[in-house]
Protein chains: 2
Amino acid sequence: MTISEVSEKYGLSQDTLRYYERIGVIPPVKRKAGGVRDYTEEDLGWIELAKCMRSAGLSMEALIQYVNLARQGDETIAARRDLLNDQRKQLMKQYEAIRAAKERLDYKISRYDEAMETGRLSWDK
Amino acid sequence: MTISEVSEKYGLSQDTLRYYERIGVIPPVKRKAGGVRDYTEEDLGWIELAKCMRSAGLSMEALIQYVNLARQGDETIAARRDLLNDQRKQLMKQYEAIRAAKERLDYKISRYDEAMETGRLSWDK
DNA sequence: ATAGCACCTGGAGTATACTCCAAGTCAAGA
DNA sequence: TCTTGACTTGGAGTATACTCCAGGTGCTAT
């Protein structure tokens with residue numbers, strides 16, 4: 001699969017795909033004649049993983065570490081599991097922060113909806 | 001309340017508090033003699049709101065817009081409600097992204113936990 | 001009165017994550 | 001053969017959100 005097809009498929013720019021590979025967020029992609037990238041199914045798996053985790057807010061650094069460990073083989077299984085657990089913890093914190101903010105927004109919005117009838121908003125918190 | 005007390009109370013650096021005020025994430029804080037900031041309860045409310053929304057990932061720009069509208073009075077009630085609704089939508093998207101990533105992490109972690117017993121990991125997705 | 005400390009401002013510097021660009025390679029069609 | 005277009009690399013530039021710093025002011029305790 002070419003870079004333009006992968007870019008299309010995942011909604012990531014070609015620059016971003018090359019950047020991810022350059023810094024190690026995904027492992028190196030094999031090239032065909034002329035040095036042109038030819039993405040395999042496995043490459044696509046890494047890209048999808050990176051996209052999923054990035055969209056949830058995981059840092060590039062965490063992804064790079066995970067890829068580095070994965071490339072070192074089975075001795076790093078425990079380290080990888082620990083890394084994933086750490087990231088899961090981060091994610092749960094972020095989840096809670098969003099839940100709290102959403103609750104606050106819902107409260108404010110309900111007050112604004114009321115205010116739309118009276119034309120003014122007397123108290124704000 | 002002084003800036004050092006506010007910094008302590010909310011876990012935001014003094015630099016960050018001054019920065020938030022400078023760019024308009026919170027409205028201007030009244031000064032006492034010598035130009036020193038003296039935060040009121042209302043100021044603290046704005047800071048807490050900013051902290052809550054920032055921790056959930058809302059952009060500075062959205063907060064600045066909200067503060068600007070709020071400072072213009074009751075004519076902007078509808079605009080503020082719309083802005084809050086937009087931000088709520090963003091938040092729900094982020095919530096879903098995190099949920100999906102967490103699910104994927106949970107799956108991977110469970111496979112790693114299994115692999116800890118056999119010492120290797122045969123398949124990865 | 002003077003040393004020390006908390007505070008002030010304006011501006012420069014940093015980290016993260018892209019995003020853009022120049023200059024070059026290569027394969028395919030006119 | 002020549003041009004076109006997709007691809008390559010290395011490096012520079014950008015946006016966001018801080019974070020740090022120099023130089024200065026003013027209250028307070030000795």
# chains A, B, ... in the order shown; residues from 1 in each chain; ligands from 1
call {"tool": "closest_atom_pairs", "arguments": {"of": "chain C", "to": "chain A", "cutoff": "9 Å", "atoms": "only C-alpha atoms (C1' of nucleotides)", "output": "tab-separated table"}}
result
residue	atom	partner	partner_atom	distance
C:DT16	C1'	A:Met60	CA	8.6
C:DA17	C1'	A:Met60	CA	8.2
C:DC18	C1'	A:Thr16	CA	7.0
C:DT19	C1'	A:Asp15	CA	7.2
C:DC20	C1'	A:Asp15	CA	8.9
C:DT25	C1'	A:Gly34	CA	7.3
C:DC26	C1'	A:Gly34	CA	6.3
call {"tool": "interface_residues", "arguments": {"of": "chain D", "to": "chain A", "cutoff": "10 Å", "atoms": "only C-alpha atoms (C1' of nucleotides)", "output": "list of chain:residue names"}}
result
D:DA6, D:DC7, D:DT8
call {"tool": "closest_atom_pairs", "arguments": {"of": "chain B", "to": "chain A", "cutoff": "6 Å", "atoms": "only C-alpha atoms", "output": "tab-separated table"}}
result
residue	atom	partner	partner_atom	distance
B:Cys52	CA	A:Ala101	CA	6.0
B:Met53	CA	A:Ala101	CA	5.8
B:Ala56	CA	A:Ile98	CA	4.6
B:Asp74	CA	A:Arg120	CA	5.5
B:Arg81	CA	A:Tyr112	CA	5.8
B:Ala97	CA	A:Ala56	CA	5.1
B:Ile98	CA	A:Ala56	CA	4.6
B:Ala101	CA	A:Met53	CA	5.8
B:Ile109	CA	A:Arg81	CA	6.0
B:Tyr112	CA	A:Arg81	CA	5.8
B:Arg120	CA	A:Asp74	CA	5.5
call {"tool": "select_by_dssp", "arguments": {"residues": "chain A", "states": "strand (DSSP E)", "output": "ChimeraX atom specification"}}
result
/A:31-32,36-37
call {"tool": "select_by_dssp", "arguments": {"residues": "chain A", "states": "helix (DSSP H, G or I)", "output": "ChimeraX atom specification"}}
result
/A:3-10,14-23,33-35,41-55,60-71,74-118
call {"tool": "write_last_selection", "arguments": {"atoms": "C-alpha atoms", "output": "PDB file, in the first residue's frame"}}
result
ATOM      1  CA  ILE A   3       1.660   6.361   1.449  1.00  0.00           C
ATOM      2  CA  SER A   4      -1.117   8.232  -0.342  1.00  0.00           C
ATOM      3  CA  GLU A   5      -3.494   5.302   0.114  1.00  0.00           C
ATOM      4  CA  VAL A   6      -2.597   4.981   3.792  1.00  0.00           C
ATOM      5  CA  SER A   7      -2.989   8.722   4.223  1.00  0.00           C
ATOM      6  CA  GLU A   8      -6.431   8.551   2.643  1.00  0.00           C
ATOM      7  CA  LYS A   9      -7.461   5.489   4.646  1.00  0.00           C
ATOM      8  CA  TYR A  10      -6.560   6.855   8.070  1.00  0.00           C
ATOM      9  CA  GLN A  14       1.663  11.914   4.329  1.00  0.00           C
ATOM     10  CA  ASP A  15       3.923  14.246   6.278  1.00  0.00           C
ATOM     11  CA  THR A  16       2.504  12.916   9.528  1.00  0.00           C
ATOM     12  CA  LEU A  17       2.982   9.300   8.444  1.00  0.00           C
ATOM     13  CA  ARG A  18       6.618   9.966   7.532  1.00  0.00           C
ATOM     14  CA  TYR A  19       7.083  11.913  10.750  1.00  0.00           C
ATOM     15  CA  TYR A  20       5.678   9.050  12.839  1.00  0.00           C
ATOM     16  CA  GLU A  21       8.083   6.650  11.196  1.00  0.00           C
ATOM     17  CA  ARG A  22      11.035   9.017  11.506  1.00  0.00           C
ATOM     18  CA  ILE A  23      10.650   9.464  15.252  1.00  0.00           C
ATOM     19  CA  ALA A  33      12.238  -0.001  -5.786  1.00  0.00           C
ATOM     20  CA  GLY A  34      13.322   3.599  -5.578  1.00  0.00           C
ATOM     21  CA  GLY A  35      12.998   3.779  -1.792  1.00  0.00           C
ATOM     22  CA  GLU A  41      -0.947  -5.075   7.021  1.00  0.00           C
ATOM     23  CA  GLU A  42       1.290  -5.058  10.069  1.00  0.00           C
ATOM     24  CA  ASP A  43       2.350  -1.482   9.352  1.00  0.00           C
ATOM     25  CA  LEU A  44      -1.293  -0.511   9.098  1.00  0.00           C
ATOM     26  CA  GLY A  45      -1.889  -2.113  12.491  1.00  0.00           C
ATOM     27  CA  TRP A  46       0.792   0.085  14.023  1.00  0.00           C
ATOM     28  CA  ILE A  47      -0.631   3.166  12.349  1.00  0.00           C
ATOM     29  CA  GLU A  48      -4.108   2.412  13.586  1.00  0.00           C
ATOM     30  CA  LEU A  49      -2.806   1.840  17.089  1.00  0.00           C
ATOM     31  CA  ALA A  50      -0.901   5.125  17.004  1.00  0.00           C
ATOM     32  CA  LYS A  51      -3.940   6.980  15.683  1.00  0.00           C
ATOM     33  CA  CYS A  52      -6.229   5.497  18.320  1.00  0.00           C
ATOM     34  CA  MET A  53      -3.862   6.255  21.189  1.00  0.00           C
ATOM     35  CA  ARG A  54      -2.954   9.732  19.964  1.00  0.00           C
ATOM     36  CA  SER A  55      -6.613  10.674  19.595  1.00  0.00           C
ATOM     37  CA  MET A  60       4.318  10.419  21.361  1.00  0.00           C
ATOM     38  CA  GLU A  61       6.989   9.492  23.858  1.00  0.00           C
ATOM     39  CA  ALA A  62       4.909   6.674  25.349  1.00  0.00           C
ATOM     40  CA  LEU A  63       4.174   5.294  21.894  1.00  0.00           C
ATOM     41  CA  ILE A  64       7.838   5.474  20.905  1.00  0.00           C
ATOM     42  CA  GLN A  65       8.809   3.591  24.056  1.00  0.00           C
ATOM     43  CA  TYR A  66       6.224   0.926  23.373  1.00  0.00           C
ATOM     44  CA  VAL A  67       7.419   0.458  19.798  1.00  0.00           C
ATOM     45  CA  ASN A  68      11.034   0.288  20.953  1.00  0.00           C
ATOM     46  CA  LEU A  69      10.197  -2.401  23.497  1.00  0.00           C
ATOM     47  CA  ALA A  70       8.102  -4.355  20.997  1.00  0.00           C
ATOM     48  CA  ARG A  71      11.001  -4.370  18.554  1.00  0.00           C
ATOM     49  CA  ASP A  74       9.787 -11.272  24.103  1.00  0.00           C
ATOM     50  CA  GLU A  75      12.152 -10.192  26.887  1.00  0.00           C
ATOM     51  CA  THR A  76      10.285  -6.899  27.091  1.00  0.00           C
ATOM     52  CA  ILE A  77       6.819  -8.346  27.621  1.00  0.00           C
ATOM     53  CA  ALA A  78       6.708  -7.362  31.298  1.00  0.00           C
ATOM     54  CA  ALA A  79       8.004  -3.860  30.562  1.00  0.00           C
ATOM     55  CA  ARG A  80       5.414  -3.398  27.840  1.00  0.00           C
ATOM     56  CA  ARG A  81       2.603  -4.550  30.082  1.00  0.00           C
ATOM     57  CA  ASP A  82       3.757  -2.073  32.759  1.00  0.00           C
ATOM     58  CA  LEU A  83       3.891   0.715  30.199  1.00  0.00           C
ATOM     59  CA  LEU A  84       0.369  -0.072  29.016  1.00  0.00           C
ATOM     60  CA  ASN A  85      -0.865  -0.118  32.606  1.00  0.00           C
ATOM     61  CA  ASP A  86       0.686   3.291  33.256  1.00  0.00           C
ATOM     62  CA  GLN A  87      -0.935   4.722  30.169  1.00  0.00           C
ATOM     63  CA  ARG A  88      -4.250   3.206  31.153  1.00  0.00           C
ATOM     64  CA  LYS A  89      -4.015   4.994  34.475  1.00  0.00           C
ATOM     65  CA  GLN A  90      -3.357   8.301  32.690  1.00  0.00           C
ATOM     66  CA  LEU A  91      -6.329   7.666  30.460  1.00  0.00           C
ATOM     67  CA  MET A  92      -8.631   7.058  33.415  1.00  0.00           C
ATOM     68  CA  LYS A  93      -7.537  10.362  34.941  1.00  0.00           C
ATOM     69  CA  GLN A  94      -8.288  12.154  31.710  1.00  0.00           C
ATOM     70  CA  TYR A  95     -11.628  10.378  31.533  1.00  0.00           C
ATOM     71  CA  GLU A  96     -12.534  11.685  34.967  1.00  0.00           C
ATOM     72  CA  ALA A  97     -11.384  15.236  34.111  1.00  0.00           C
ATOM     73  CA  ILE A  98     -13.645  15.217  31.072  1.00  0.00           C
ATOM     74  CA  ARG A  99     -16.544  13.804  33.054  1.00  0.00           C
ATOM     75  CA  ALA A 100     -16.198  16.590  35.628  1.00  0.00           C
ATOM     76  CA  ALA A 101     -15.919  19.288  32.962  1.00  0.00           C
ATOM     77  CA  LYS A 102     -18.916  17.886  31.123  1.00  0.00           C
ATOM     78  CA  GLU A 103     -20.980  17.952  34.302  1.00  0.00           C
ATOM     79  CA  ARG A 104     -20.023  21.562  34.867  1.00  0.00           C
ATOM     80  CA  LEU A 105     -20.787  22.470  31.270  1.00  0.00           C
ATOM     81  CA  ASP A 106     -24.177  20.752  31.491  1.00  0.00           C
ATOM     82  CA  TYR A 107     -25.016  22.770  34.561  1.00  0.00           C
ATOM     83  CA  LYS A 108     -23.956  26.037  32.927  1.00  0.00           C
ATOM     84  CA  ILE A 109     -25.819  25.220  29.724  1.00  0.00           C
ATOM     85  CA  SER A 110     -29.013  24.496  31.651  1.00  0.00           C
ATOM     86  CA  ARG A 111     -28.713  27.872  33.320  1.00  0.00           C
ATOM     87  CA  TYR A 112     -28.169  29.539  29.967  1.00  0.00           C
ATOM     88  CA  ASP A 113     -31.205  27.780  28.553  1.00  0.00           C
ATOM     89  CA  GLU A 114     -33.249  29.211  31.412  1.00  0.00           C
ATOM     90  CA  ALA A 115     -31.688  32.626  30.890  1.00  0.00           C
ATOM     91  CA  MET A 116     -32.708  32.559  27.239  1.00  0.00           C
ATOM     92  CA  GLU A 117     -36.282  32.981  28.462  1.00  0.00           C
ATOM     93  CA  THR A 118     -35.738  35.798  30.920  1.00  0.00           C
TER      94      THR A 118
END
call {"tool": "residues_around", "arguments": {"residues": "DG29 in chain C", "least_positions_apart": "5", "cutoff": "12 Å", "atoms": "only C-alpha atoms (C1' of nucleotides)", "output": "NGL selection string"}}
result
:D and (1-5)
call {"tool": "write_last_selection", "arguments": {"atoms": "N, CA and C atoms (P, O5', C5', C4', C3', O3' and C1' of nucleotides)", "output": "mmCIF file, in the first residue's frame"}}
result
data_model
loop_
_atom_site.group_PDB
_atom_site.id
_atom_site.type_symbol
_atom_site.label_atom_id
_atom_site.label_comp_id
_atom_site.auth_asym_id
_atom_site.auth_seq_id
_atom_site.Cartn_x
_atom_site.Cartn_y
_atom_site.Cartn_z
ATOM 1 P P DT D 1 16.665 8.465 -25.766
ATOM 2 O "O5'" DT D 1 16.280 9.970 -25.568
ATOM 3 C "C5'" DT D 1 16.255 10.844 -26.686
ATOM 4 C "C4'" DT D 1 15.122 11.818 -26.455
ATOM 5 C "C3'" DT D 1 15.236 12.586 -25.142
ATOM 6 O "O3'" DT D 1 14.652 13.866 -25.362
ATOM 7 C "C1'" DT D 1 13.232 11.406 -25.136
ATOM 8 P P DC D 2 15.311 15.153 -24.666
ATOM 9 O "O5'" DC D 2 13.986 15.952 -24.316
ATOM 10 C "C5'" DC D 2 12.780 15.684 -25.068
ATOM 11 C "C4'" DC D 2 11.581 15.703 -24.136
ATOM 12 C "C3'" DC D 2 11.804 16.477 -22.814
ATOM 13 O "O3'" DC D 2 10.694 17.324 -22.646
ATOM 14 C "C1'" DC D 2 10.903 14.359 -22.359
ATOM 15 P P DT D 3 10.775 18.655 -21.700
ATOM 16 O "O5'" DT D 3 9.367 18.524 -20.970
ATOM 17 C "C5'" DT D 3 8.220 18.088 -21.734
ATOM 18 C "C4'" DT D 3 7.286 17.305 -20.832
ATOM 19 C "C3'" DT D 3 7.027 17.964 -19.475
ATOM 20 O "O3'" DT D 3 5.621 17.977 -19.284
ATOM 21 C "C1'" DT D 3 7.570 15.694 -19.185
ATOM 22 P P DT D 4 4.899 19.102 -18.371
ATOM 23 O "O5'" DT D 4 3.916 18.184 -17.521
ATOM 24 C "C5'" DT D 4 3.393 16.973 -18.100
ATOM 25 C "C4'" DT D 4 3.210 15.936 -17.013
ATOM 26 C "C3'" DT D 4 2.895 16.502 -15.618
ATOM 27 O "O3'" DT D 4 1.664 15.929 -15.207
ATOM 28 C "C1'" DT D 4 4.547 14.813 -15.487
ATOM 29 P P DG D 5 0.803 16.560 -14.005
ATOM 30 O "O5'" DG D 5 0.979 15.437 -12.883
ATOM 31 C "C5'" DG D 5 0.787 14.067 -13.218
ATOM 32 C "C4'" DG D 5 1.397 13.220 -12.126
ATOM 33 C "C3'" DG D 5 1.192 13.808 -10.725
ATOM 34 O "O3'" DG D 5 0.803 12.751 -9.846
ATOM 35 C "C1'" DG D 5 3.461 13.365 -11.066
#
call {"tool": "closest_residue", "arguments": {"among": "D:DT30, D:DT9, D:DT19, D:DT14", "to": "DA22 in chain C", "atoms": "only C-alpha atoms (C1' of nucleotides)"}}
result
D:DT9
call {"tool": "atom_distance", "arguments": {"atom1": "CA of Ile26 in chain A", "atom2": "CA of Leu12 in chain A"}}
result
13.3 Å
